[in-house]
Each structure stands twice: as structure tokens, then as C-alpha cells.
$ cat structure16.cif   # mmCIF, C-alpha atoms
data_start
loop_
_atom_site.label_atom_id
_atom_site.label_comp_id
_atom_site.auth_asym_id
_atom_site.auth_seq_id
_atom_site.Cartn_x
_atom_site.Cartn_y
_atom_site.Cartn_z
CA MET R 192 -55.30 -192.43 164.88
CA ARG R 193 -54.28 -188.79 164.82
CA TYR R 194 -53.13 -187.01 167.97
CA SER R 195 -53.24 -183.31 168.66
CA ALA R 196 -50.12 -181.41 169.72
CA SER R 197 -51.29 -181.37 173.36
CA GLU R 198 -51.91 -185.14 173.32
CA LYS R 199 -48.45 -185.79 171.88
CA LEU R 200 -46.90 -183.61 174.59
CA GLU R 201 -48.82 -185.50 177.29
CA ILE R 202 -47.56 -188.84 175.91
CA ILE R 203 -43.99 -187.55 175.93
CA ARG R 204 -44.40 -186.46 179.57
CA LEU R 205 -45.81 -189.88 180.53
CA VAL R 206 -42.87 -191.69 178.91
CA GLU R 207 -40.34 -189.36 180.55
CA GLN R 208 -41.88 -189.81 184.01
CA SER R 209 -42.60 -193.57 183.72
CA SER R 210 -40.61 -196.00 185.86
CA LEU R 211 -40.92 -198.58 183.10
CA PRO R 212 -38.56 -198.82 180.10
CA VAL R 213 -39.56 -196.76 177.08
CA ARG R 214 -40.47 -199.85 175.05
CA ALA R 215 -42.80 -201.19 177.77
CA THR R 216 -44.42 -197.80 178.34
CA LEU R 217 -45.11 -197.33 174.64
CA GLU R 218 -46.55 -200.85 174.36
CA LYS R 219 -49.02 -200.07 177.15
CA LEU R 220 -49.95 -196.77 175.44
CA GLY R 221 -50.23 -198.42 172.03
CA ILE R 222 -47.77 -195.99 170.39
CA PRO R 223 -45.21 -197.32 167.86
CA ARG R 224 -41.62 -196.55 168.87
CA ALA R 225 -40.81 -194.96 165.49
CA THR R 226 -43.76 -192.61 165.86
CA PHE R 227 -42.83 -191.64 169.42
CA TYR R 228 -39.18 -190.94 168.56
CA ARG R 229 -40.29 -188.83 165.58
CA TRP R 230 -42.44 -186.78 167.95
CA TYR R 231 -39.66 -186.59 170.50
CA ASP R 232 -37.07 -185.38 167.98
CA ALA R 233 -39.47 -182.68 166.77
CA TYR R 234 -40.18 -181.66 170.38
CA GLN R 235 -36.50 -181.37 171.24
CA GLN R 236 -35.74 -179.29 168.14
CA GLY R 237 -38.79 -177.03 168.04
CA GLY R 238 -40.60 -177.28 171.35
CA PRO R 239 -44.33 -178.00 171.78
CA GLU R 240 -45.22 -175.99 168.65
CA ALA R 241 -43.29 -178.49 166.51
CA LEU R 242 -45.70 -181.25 167.53
CA ALA R 243 -48.59 -179.78 165.50
CA ASP R 244 -49.43 -181.69 162.32
CA ARG R 245 -48.24 -180.05 159.17
CA PRO R 246 -50.71 -179.80 156.28
CA SER R 247 -50.26 -182.49 153.64
CA ARG R 248 -50.10 -179.90 150.89
CA PRO R 249 -47.54 -177.08 150.77
CA SER R 250 -48.62 -173.68 152.02
CA ARG R 251 -47.49 -172.15 148.74
CA VAL R 252 -48.20 -173.83 145.39
CA TRP R 253 -45.37 -173.22 142.96
CA ASN R 254 -47.65 -173.27 139.90
CA ARG R 255 -50.23 -170.81 141.23
CA LEU R 256 -51.10 -168.03 138.80
CA PRO R 257 -49.84 -164.60 139.88
CA THR R 258 -52.59 -162.19 140.90
CA ALA R 259 -51.90 -159.89 137.94
CA ILE R 260 -52.40 -162.72 135.45
CA ARG R 261 -55.60 -163.86 137.18
CA GLU R 262 -56.95 -160.33 136.90
CA GLN R 263 -56.01 -160.19 133.20
CA ILE R 264 -57.87 -163.44 132.50
CA VAL R 265 -60.99 -162.24 134.31
CA ALA R 266 -60.83 -158.93 132.43
CA LEU R 267 -60.54 -160.79 129.11
CA ALA R 268 -63.53 -162.97 130.05
CA LEU R 269 -65.60 -159.88 130.85
CA GLU R 270 -64.48 -158.16 127.66
CA GLN R 271 -65.29 -161.16 125.44
CA PRO R 272 -68.03 -163.15 127.20
CA GLU R 273 -68.71 -165.24 124.09
CA LEU R 274 -65.40 -167.11 124.52
CA SER R 275 -65.42 -170.47 126.30
CA PRO R 276 -62.73 -171.30 128.92
CA ARG R 277 -60.90 -173.29 126.23
CA GLU R 278 -60.95 -170.36 123.80
CA LEU R 279 -59.94 -167.92 126.55
CA ALA R 280 -56.95 -170.10 127.49
CA VAL R 281 -55.77 -170.28 123.87
CA ARG R 282 -56.36 -166.56 123.25
CA PHE R 283 -54.49 -165.55 126.42
CA THR R 284 -51.54 -167.86 125.69
CA ASP R 285 -51.17 -166.58 122.13
CA GLU R 286 -51.65 -162.88 122.89
CA GLN R 287 -49.92 -162.53 126.27
CA ARG R 288 -47.18 -165.12 125.61
CA SER R 289 -47.89 -166.75 128.97
CA PHE R 290 -49.30 -170.26 129.25
CA VAL R 291 -52.53 -170.95 131.12
CA SER R 292 -54.52 -174.19 130.95
CA GLU R 293 -58.20 -174.57 130.12
CA ALA R 294 -58.84 -176.16 133.53
CA THR R 295 -57.23 -173.22 135.34
CA VAL R 296 -59.32 -170.72 133.38
CA TYR R 297 -62.46 -172.71 134.12
CA ARG R 298 -61.77 -172.78 137.88
CA LEU R 299 -60.95 -169.08 137.89
CA LEU R 300 -64.13 -168.12 136.03
CA LYS R 301 -66.16 -170.50 138.20
CA ALA R 302 -64.86 -168.75 141.31
CA HIS R 303 -65.98 -165.40 139.85
CA ASP R 304 -69.40 -166.81 138.83
CA LEU R 305 -68.62 -166.25 135.15
CA ILE R 306 -69.47 -169.75 133.94
CA THR R 307 -72.86 -170.03 132.28
CA SER R 308 -74.64 -172.99 130.74
CA PRO R 309 -74.38 -173.22 126.94
CA ALA R 310 -77.11 -171.63 124.88
CA TYR R 311 -77.35 -174.71 122.68
CA ILE R 312 -76.89 -178.46 122.84
CA VAL R 313 -73.89 -179.90 121.05
CA VAL R 314 -74.85 -182.82 118.82
CA LYS R 315 -72.00 -185.15 117.95
CA ALA R 316 -71.92 -187.45 114.96
CA ALA R 317 -71.93 -191.13 115.80
CA ASP R 318 -69.42 -192.22 113.18
CA GLU R 319 -66.32 -190.90 111.43
CA PHE R 320 -65.58 -190.64 107.75
CA ARG R 321 -63.74 -193.81 106.85
CA ASP R 322 -61.04 -192.40 104.52
CA LYS R 323 -59.54 -189.58 106.55
CA THR R 324 -57.70 -186.77 104.80
CA THR R 325 -54.06 -185.95 105.51
CA ALA R 326 -53.66 -182.53 103.85
CA SER R 327 -55.63 -179.53 102.70
CA ASN R 328 -57.57 -179.59 99.41
CA GLN R 329 -57.79 -183.38 99.28
CA LEU R 330 -61.52 -183.45 100.02
CA TRP R 331 -64.13 -180.69 100.04
CA GLN R 332 -67.54 -180.99 101.67
CA THR R 333 -70.43 -178.90 100.37
CA ASP R 334 -74.05 -178.52 101.35
CA PHE R 335 -76.93 -176.03 101.62
CA THR R 336 -78.59 -174.70 104.75
CA TYR R 337 -81.70 -172.55 105.20
CA LEU R 338 -81.57 -168.96 106.50
CA LYS R 339 -84.61 -166.70 106.75
CA VAL R 340 -84.82 -163.00 106.00
CA VAL R 341 -87.86 -161.39 107.62
CA GLY R 342 -90.25 -160.15 104.94
CA TRP R 343 -88.23 -161.73 102.11
CA GLY R 344 -88.46 -165.46 102.80
CA TRP R 345 -85.90 -168.22 102.81
CA TYR R 346 -82.39 -167.97 101.40
CA TYR R 347 -79.96 -170.85 100.95
CA LEU R 348 -76.32 -170.74 101.99
CA SER R 349 -74.04 -172.89 99.84
CA THR R 350 -70.68 -173.59 101.49
CA VAL R 351 -67.49 -175.39 100.48
CA LEU R 352 -65.53 -176.64 103.50
CA ASP R 353 -62.07 -178.21 103.40
CA ASP R 354 -62.31 -181.57 105.18
CA PHE R 355 -58.78 -181.62 106.62
CA SER R 356 -58.66 -178.10 108.09
CA ARG R 357 -62.40 -177.25 108.33
CA PHE R 358 -61.50 -174.02 106.49
CA ILE R 359 -64.42 -172.37 104.69
CA VAL R 360 -62.95 -172.14 101.21
CA ALA R 361 -65.97 -170.38 99.66
CA TRP R 362 -69.63 -169.62 100.30
CA LYS R 363 -72.53 -168.09 98.43
CA LEU R 364 -75.99 -166.91 99.52
CA CYS R 365 -78.47 -168.18 96.93
CA ALA R 366 -82.15 -167.73 96.17
CA THR R 367 -82.44 -171.34 94.95
CA MET R 368 -80.72 -174.70 95.46
CA GLN R 369 -80.01 -175.65 91.86
CA ALA R 370 -76.95 -177.32 90.37
CA SER R 371 -75.92 -173.94 88.96
CA ASP R 372 -75.71 -172.57 92.52
CA VAL R 373 -73.45 -175.48 93.46
CA THR R 374 -71.13 -174.96 90.49
CA ALA R 375 -71.02 -171.20 91.14
CA THR R 376 -69.87 -171.87 94.72
CA LEU R 377 -67.30 -174.41 93.51
CA ASP R 378 -65.98 -171.87 90.99
CA LEU R 379 -65.43 -169.47 93.90
CA ALA R 380 -63.69 -172.23 95.84
CA LEU R 381 -61.34 -173.16 93.01
CA SER R 382 -60.46 -169.52 92.55
CA ALA R 383 -59.89 -168.94 96.27
CA ALA R 384 -57.66 -172.03 96.47
CA GLY R 385 -55.71 -170.99 93.40
CA LEU R 386 -56.67 -174.19 91.60
CA ASP R 387 -58.31 -172.48 88.64
CA GLN R 388 -54.98 -171.22 87.28
CA VAL R 389 -52.61 -174.13 87.89
CA GLN R 390 -52.49 -177.76 86.93
CA VAL R 391 -52.36 -180.20 89.85
CA VAL R 392 -52.05 -183.96 89.90
CA HIS R 393 -55.14 -184.47 92.06
CA ARG R 394 -58.08 -182.11 92.24
CA PRO R 395 -60.09 -182.01 95.47
CA ARG R 396 -62.70 -184.74 95.74
CA LEU R 397 -66.21 -183.47 96.46
CA LEU R 398 -68.35 -184.98 99.22
CA THR R 399 -72.09 -184.23 99.22
CA ASP R 400 -75.39 -185.72 100.27
CA ASN R 401 -77.99 -186.98 97.80
CA GLY R 402 -79.94 -183.77 97.32
CA SER R 403 -81.44 -183.10 93.90
CA SER R 404 -78.85 -180.44 93.06
CA TYR R 405 -76.02 -182.87 93.78
CA VAL R 406 -77.32 -185.77 91.71
CA ALA R 407 -78.07 -183.54 88.71
CA GLY R 408 -76.40 -184.31 85.40
CA ASP R 409 -75.26 -180.68 85.02
CA LEU R 410 -73.13 -180.99 88.16
CA ALA R 411 -71.67 -184.31 87.00
CA ASP R 412 -70.69 -182.72 83.66
CA TRP R 413 -69.16 -179.71 85.40
CA LEU R 414 -67.10 -181.91 87.76
CA GLY R 415 -65.97 -184.11 84.90
CA SER R 416 -64.75 -181.11 82.92
CA ARG R 417 -62.59 -180.05 85.85
CA GLY R 418 -61.28 -183.49 86.76
CA MET R 419 -62.97 -183.66 90.17
CA THR R 420 -64.26 -186.88 91.72
CA HIS R 421 -67.69 -186.87 93.33
CA ILE R 422 -68.49 -188.86 96.51
CA ARG R 423 -72.01 -189.03 97.93
CA GLY R 424 -72.87 -190.08 101.46
CA ALA R 425 -75.21 -192.93 102.30
CA PRO R 426 -78.90 -191.97 102.26
CA ARG R 427 -80.31 -190.86 105.63
CA HIS R 428 -76.83 -190.75 107.16
CA PRO R 429 -75.85 -187.08 107.70
CA GLN R 430 -72.87 -188.11 109.86
CA THR R 431 -70.91 -188.72 106.65
CA GLN R 432 -71.04 -184.96 106.06
CA GLY R 433 -70.66 -184.33 109.79
CA LYS R 434 -68.12 -181.50 109.52
CA ILE R 435 -70.21 -179.29 107.30
CA GLU R 436 -73.35 -180.16 109.28
CA ARG R 437 -71.51 -179.03 112.42
CA TRP R 438 -70.46 -175.85 110.62
CA HIS R 439 -74.10 -175.08 109.86
CA GLN R 440 -75.01 -175.54 113.52
CA THR R 441 -72.15 -173.30 114.69
CA LEU R 442 -73.08 -170.62 112.16
CA LYS R 443 -76.76 -170.57 113.09
CA ASN R 444 -76.03 -170.49 116.81
CA ARG R 445 -74.23 -167.18 116.24
CA ILE R 446 -75.87 -165.28 113.39
CA LEU R 447 -79.51 -166.18 114.11
CA LEU R 448 -79.50 -164.60 117.56
CA GLU R 449 -81.08 -161.57 115.86
CA HIS R 450 -83.43 -161.36 112.88
CA ALA R 451 -82.17 -160.17 109.51
CA TYR R 452 -84.48 -157.86 107.58
CA LEU R 453 -82.53 -157.48 104.33
CA PRO R 454 -80.61 -160.04 102.25
CA GLY R 455 -77.58 -157.75 102.33
CA GLU R 456 -77.72 -157.68 106.13
CA LEU R 457 -77.76 -161.48 106.27
CA GLU R 458 -74.91 -161.70 103.76
CA ALA R 459 -72.80 -159.29 105.83
CA ARG R 460 -73.39 -161.35 108.97
CA VAL R 461 -72.40 -164.58 107.23
CA GLY R 462 -69.26 -162.96 105.83
CA ALA R 463 -68.23 -161.58 109.22
CA PHE R 464 -68.70 -164.93 110.93
CA VAL R 465 -66.83 -166.83 108.19
CA GLU R 466 -63.89 -164.47 108.72
CA HIS R 467 -64.06 -165.03 112.48
CA TYR R 468 -64.46 -168.80 112.10
CA ASN R 469 -61.55 -169.16 109.67
CA HIS R 470 -59.02 -166.83 111.27
CA VAL R 471 -59.91 -166.21 114.93
CA ARG R 472 -61.95 -169.04 116.46
CA ALA R 473 -59.72 -171.76 117.94
CA HIS R 474 -61.13 -175.15 116.96
CA GLU R 475 -60.98 -177.88 119.62
CA SER R 476 -60.66 -180.73 117.10
CA LEU R 477 -57.67 -178.93 115.50
CA ASN R 478 -55.62 -178.80 118.73
CA ASN R 479 -56.96 -175.29 119.34
CA LEU R 480 -55.69 -173.97 116.04
CA THR R 481 -57.84 -171.96 113.67
CA PRO R 482 -58.91 -173.52 110.36
CA ALA R 483 -56.72 -170.99 108.55
CA ASP R 484 -53.68 -172.06 110.60
CA VAL R 485 -54.13 -175.65 109.42
CA TYR R 486 -55.22 -174.84 105.86
CA PHE R 487 -52.20 -172.62 105.19
CA GLY R 488 -49.72 -174.97 106.89
CA ARG R 489 -48.63 -172.84 109.84
CA GLY R 490 -50.24 -175.01 112.51
CA GLU R 491 -47.16 -177.04 113.50
CA ALA R 492 -45.08 -173.90 114.03
CA ILE R 493 -47.80 -172.41 116.26
CA LEU R 494 -48.05 -175.60 118.33
CA ARG R 495 -44.26 -175.67 118.81
CA GLU R 496 -44.30 -172.05 119.93
CA ARG R 497 -47.13 -172.73 122.39
CA GLU R 498 -45.18 -175.64 123.84
CA ARG R 499 -42.13 -173.37 124.23
CA ILE R 500 -44.27 -170.74 125.97
CA LYS R 501 -45.69 -173.41 128.28
CA ARG R 502 -42.23 -174.69 129.28
CA GLN R 503 -40.93 -171.15 129.82
CA THR R 504 -43.98 -170.14 131.86
CA LEU R 505 -43.69 -173.18 134.15
CA THR R 506 -39.97 -172.55 134.60
CA ASP R 507 -40.62 -168.93 135.53
CA ARG R 508 -43.27 -169.97 138.07
CA ARG R 509 -40.89 -172.50 139.67
CA LEU R 510 -38.14 -169.90 139.98
CA ARG R 511 -40.58 -167.37 141.43
CA HIS R 512 -41.80 -169.97 143.94
CA HIS R 513 -38.27 -170.88 145.03
CA ALA R 514 -37.36 -167.19 145.41
CA GLN R 515 -40.39 -166.56 147.61
CA ALA R 516 -39.79 -169.70 149.68
CA ALA R 517 -36.11 -168.89 150.27
#

$ encode --input "structure16.cif" --output "C-alpha cells"
Amino acid sequence: MRYSASEKLEIIRLVEQSSLPVRATLEKLGIPRATFYRWYDAYQQGGPEALADRPSRPSRVWNRLPTAIREQIVALALEQPELSPRELAVRFTDEQRSFVSEATVYRLLKAHDLITSPAYIVVKAADEFRDKTTASNQLWQTDFTYLKVVGWGWYYLSTVLDDFSRFIVAWKLCATMQASDVTATLDLALSAAGLDQVQVVHRPRLLTDNGSSYVAGDLADWLGSRGMTHIRGAPRHPQTQGKIERWHQTLKNRILLEHAYLPGELEARVGAFVEHYNHVRAHESLNNLTPADVYFGRGEAILRERERIKRQTLTDRRLRHHAQAA
């Protein structure tokens, strides 16, 4: 049972004025001796005001974000509303060199009514690819997706995605989905990866579905001439190519918000988003690194630097808290 400060003071007065011993008086009142003497010590040192219950949590939280930083985060959220709390936290940590967690950003934006429901539903694959990659250019995934140009009809985006880093190695907007379109995209990928000029022990393996362009003999001949192994997913199981399927969903959620009226307009939008996706967008499954960070091998250095920033930020907040509390 909790007692108010006035009730504690009344109990102390009763004990002081009682003709019975302290132990007997407290037994009749149902107050443990340790509790009474704790109240009595506080009363003697600080008077009646010291009998008030102190809050269980400290009045000042040492890890609270300074007002200036909170304002910077809100300003960044208003400036770039397309960023999620996770992406905002990563962007702020990298650019301002001050750590802030995703949960803190979420609570801050929630308090300012800046959290909105997603414009799309995230669909997760049920299974994982069995033989996971351990480095870039071990396995490439490729597939087509449909994109419409108003007044022109359907175009087909052929993409080559690195399985380990999710980096878009190459892409090509095609009018058809033939084996020649696949090989043209792979030629771009080999050139972009620098694998068309050097001899390597193992060429990237290619993972595809069972579309007609991927089971064609022309593609098999082309892959054989370049020493590349071809892997095809199980029929009616798109989860095997889950990473490139997820890339298609992410792409369409962004570039199809407005209609394209010329093929060149659509191509420019795809190119701009590929650049953003590869070099700017922090990917949750990559520990909030960009695909380019992982593909080009600078991810570990970035993660170490973020950990250093986090430790330094927390140390600074502790010191600031102690200085204010002193």
C-alpha cells in the first residue's frame, strides 16, 4: 500500500506521541519497522517535503536527444518525406555524424504526426535460396518485368542483379523478351563488372526462371562460350528469384506513380531510380548499407565507423547529462 506524504507524517506523529513502544505501535498500525525508519530518517533530514514519493524514473534522461538534433531530424523528414524512419536514422547518422536509432526517429515522427501508412503491401518470400553467396559476382539473378508507356504499349525491363549485394549490375529496356535481349543485358553486366577484359577462375553463375528466353538454345550457347553456369528455379516457385522479384516491386512502387508517355521518359526514370537504389537507398537486409557499399567492398568500414559514431554520441550524451545534473 502506498501512503501520501501527509499520511506518512501522521503515522510519524502517532508513533512519537504513543505511550507504547515503537515496535508495538507499528504492529498495531501494520507498518514494517524498516519502512517507518526510512520515512523517519527522510523526515529528519528533509522535513515533511522529503516524505513525498519520488518518481521511479529519473527526472532527466541521460540519453534524451538534444532539442537541436530533434529539430534537425524533423526538418530532414519534412524535406525528404519518402524516407522511412529506418532510412532517416541511417541518413542522419551518416551525414551529421551523430547516432540516432530507428526507434527514436519513429517516436519523434509519431509525436509530430509524420508517420503515414505505407502506400503498398510488402510481400515476403517464404523460403530462402539454399546455397547462399558470400561475395560479389558469385551469382547473378536476371529477369524481365513489364512497364507500360502510354500510347506506345508495353516495354520489358531486363535486369541483372548481384545476389550477394543486391547491386543492379546492368539493365536494359527492351521491346521484346528474346534470348538476344538477355545476352545483350549480360554483355552490359560483364562490361560493367570488368569481367569482359580479364580472366577469372569462376565466372558469375546465372539464376533465372523458366521463361522461354531463358531456356532457349541461343542463351545456352552464349553462356557456354563465356564459361558461365546457368541455374533455373523450380517451376511455379518465384521465391527462388526472390531478390530480383523484390527489386521489381520496389522499382514499380516508385516509378509508376506517374504515367510515362515516351520510351525515353521511362528509360530516364528507370536510370535515375537505379542510381538511387544502388548508391543512396539504405537496404535493411544489408545492415542499412547501400548495394554499392557491399558490392564494392566498403561496407565493413562504414559499419565500423557507424559503431564508432554511436559510441561517441552516447558518451557525449552521458557527459552532457552529468554536467547538467551536477

$ atom_distance --input "structure16.cif" --atom1 "CA of Gly344 in chain R" --atom2 "CA of Gly433 in chain R"
26.9 Å

$ resolve_selection --input "structure16.cif" --expression "the PyMOL selection byres ((chain R and resi 299) around 12)" --output "PDB file with C-alpha atoms, keeping the file's coordinate frame"
ATOM      1  CA  ARG R 255     -50.230-170.810 141.230  1.00  0.00           C
ATOM      2  CA  LEU R 256     -51.100-168.030 138.800  1.00  0.00           C
ATOM      3  CA  THR R 258     -52.590-162.190 140.900  1.00  0.00           C
ATOM      4  CA  ILE R 260     -52.400-162.720 135.450  1.00  0.00           C
ATOM      5  CA  ARG R 261     -55.600-163.860 137.180  1.00  0.00           C
ATOM      6  CA  GLU R 262     -56.950-160.330 136.900  1.00  0.00           C
ATOM      7  CA  GLN R 263     -56.010-160.190 133.200  1.00  0.00           C
ATOM      8  CA  ILE R 264     -57.870-163.440 132.500  1.00  0.00           C
ATOM      9  CA  VAL R 265     -60.990-162.240 134.310  1.00  0.00           C
ATOM     10  CA  ALA R 266     -60.830-158.930 132.430  1.00  0.00           C
ATOM     11  CA  ALA R 268     -63.530-162.970 130.050  1.00  0.00           C
ATOM     12  CA  PRO R 276     -62.730-171.300 128.920  1.00  0.00           C
ATOM     13  CA  LEU R 279     -59.940-167.920 126.550  1.00  0.00           C
ATOM     14  CA  ALA R 280     -56.950-170.100 127.490  1.00  0.00           C
ATOM     15  CA  VAL R 291     -52.530-170.950 131.120  1.00  0.00           C
ATOM     16  CA  SER R 292     -54.520-174.190 130.950  1.00  0.00           C
ATOM     17  CA  GLU R 293     -58.200-174.570 130.120  1.00  0.00           C
ATOM     18  CA  ALA R 294     -58.840-176.160 133.530  1.00  0.00           C
ATOM     19  CA  THR R 295     -57.230-173.220 135.340  1.00  0.00           C
ATOM     20  CA  VAL R 296     -59.320-170.720 133.380  1.00  0.00           C
ATOM     21  CA  TYR R 297     -62.460-172.710 134.120  1.00  0.00           C
ATOM     22  CA  ARG R 298     -61.770-172.780 137.880  1.00  0.00           C
ATOM     23  CA  LEU R 300     -64.130-168.120 136.030  1.00  0.00           C
ATOM     24  CA  LYS R 301     -66.160-170.500 138.200  1.00  0.00           C
ATOM     25  CA  ALA R 302     -64.860-168.750 141.310  1.00  0.00           C
ATOM     26  CA  HIS R 303     -65.980-165.400 139.850  1.00  0.00           C
ATOM     27  CA  ASP R 304     -69.400-166.810 138.830  1.00  0.00           C
ATOM     28  CA  LEU R 305     -68.620-166.250 135.150  1.00  0.00           C
ATOM     29  CA  ILE R 306     -69.470-169.750 133.940  1.00  0.00           C
TER      30      ILE R 306
END

$ resolve_selection --input "structure16.cif" --expression "the PyMOL selection byres ((chain R and resi 490-496) around 12)" --output "PDB file with C-alpha atoms, in the frame of the given file"
ATOM      1  CA  VAL R 281     -55.770-170.280 123.870  1.00  0.00           C
ATOM      2  CA  THR R 284     -51.540-167.860 125.690  1.00  0.00           C
ATOM      3  CA  ASP R 285     -51.170-166.580 122.130  1.00  0.00           C
ATOM      4  CA  ARG R 288     -47.180-165.120 125.610  1.00  0.00           C
ATOM      5  CA  SER R 289     -47.890-166.750 128.970  1.00  0.00           C
ATOM      6  CA  PHE R 290     -49.300-170.260 129.250  1.00  0.00           C
ATOM      7  CA  ALA R 326     -53.660-182.530 103.850  1.00  0.00           C
ATOM      8  CA  SER R 356     -58.660-178.100 108.090  1.00  0.00           C
ATOM      9  CA  ALA R 473     -59.720-171.760 117.940  1.00  0.00           C
ATOM     10  CA  HIS R 474     -61.130-175.150 116.960  1.00  0.00           C
ATOM     11  CA  LEU R 477     -57.670-178.930 115.500  1.00  0.00           C
ATOM     12  CA  ASN R 478     -55.620-178.800 118.730  1.00  0.00           C
ATOM     13  CA  ASN R 479     -56.960-175.290 119.340  1.00  0.00           C
ATOM     14  CA  LEU R 480     -55.690-173.970 116.040  1.00  0.00           C
ATOM     15  CA  THR R 481     -57.840-171.960 113.670  1.00  0.00           C
ATOM     16  CA  PRO R 482     -58.910-173.520 110.360  1.00  0.00           C
ATOM     17  CA  ALA R 483     -56.720-170.990 108.550  1.00  0.00           C
ATOM     18  CA  ASP R 484     -53.680-172.060 110.600  1.00  0.00           C
ATOM     19  CA  VAL R 485     -54.130-175.650 109.420  1.00  0.00           C
ATOM     20  CA  TYR R 486     -55.220-174.840 105.860  1.00  0.00           C
ATOM     21  CA  PHE R 487     -52.200-172.620 105.190  1.00  0.00           C
ATOM     22  CA  GLY R 488     -49.720-174.970 106.890  1.00  0.00           C
ATOM     23  CA  ARG R 489     -48.630-172.840 109.840  1.00  0.00           C
ATOM     24  CA  ARG R 497     -47.130-172.730 122.390  1.00  0.00           C
ATOM     25  CA  GLU R 498     -45.180-175.640 123.840  1.00  0.00           C
ATOM     26  CA  ARG R 499     -42.130-173.370 124.230  1.00  0.00           C
ATOM     27  CA  ILE R 500     -44.270-170.740 125.970  1.00  0.00           C
ATOM     28  CA  LYS R 501     -45.690-173.410 128.280  1.00  0.00           C
ATOM     29  CA  ARG R 502     -42.230-174.690 129.280  1.00  0.00           C
ATOM     30  CA  GLN R 503     -40.930-171.150 129.820  1.00  0.00           C
TER      31      GLN R 503
END

$ resolve_selection --input "structure16.cif" --expression "the PyMOL selection byres ((chain R and resi 458) around 12)" --output "list in words"
Leu338, Lys339, Val340, Tyr346, Tyr347, Leu348, Ser349, Trp362, Lys363, Leu364, Cys365, Ile446, Ala451, Tyr452, Leu453, Pro454, Gly455, Glu456, Leu457, Ala459, Arg460, Val461, Gly462, Ala463, Phe464 and Val465 of chain R

$ atom_distance --input "structure16.cif" --atom1 "CA of Ala425 in chain R" --atom2 "CA of Lys323 in chain R"
16.6 Å

$ closest_residue --input "structure16.cif" --among "R:Asn469, R:Val360, R:Arg282, R:Val341" --to "Glu449 in chain R" --atoms "only C-alpha atoms"
R:Val341

$ atom_distance --input "structure16.cif" --atom1 "CA of Ser403 in chain R" --atom2 "CA of Met368 in chain R"
8.6 Å

$ closest_atom_pairs --input "structure16.cif" --of "range 321-356 of chain R" --to "range 378-382 of chain R" --cutoff "12 Å" --atoms "all atoms listed in the file" --output "CSV"
residue,atom,partner,partner_atom,distance
R:Asn328,CA,R:Leu381,CA,9.8
R:Trp331,CA,R:Ala380,CA,9.5
R:Gln332,CA,R:Ala380,CA,11.2
R:Thr333,CA,R:Ala380,CA,10.5
R:Ser349,CA,R:Leu379,CA,11.0
R:Thr350,CA,R:Ala380,CA,9.1
R:Val351,CA,R:Ala380,CA,6.8
R:Leu352,CA,R:Ala380,CA,9.0
R:Asp353,CA,R:Ala380,CA,9.8

$ closest_residue --input "structure16.cif" --among "R:Gln329, R:Trp343, R:Ile222, R:Glu207" --to "His450 in chain R" --atoms "only C-alpha atoms"
R:Trp343

$ closest_residue --input "structure16.cif" --among "R:Asp334, R:Thr324, R:Val213, R:Glu436" --to "Pro395 in chain R" --atoms "only C-alpha atoms"
R:Thr324
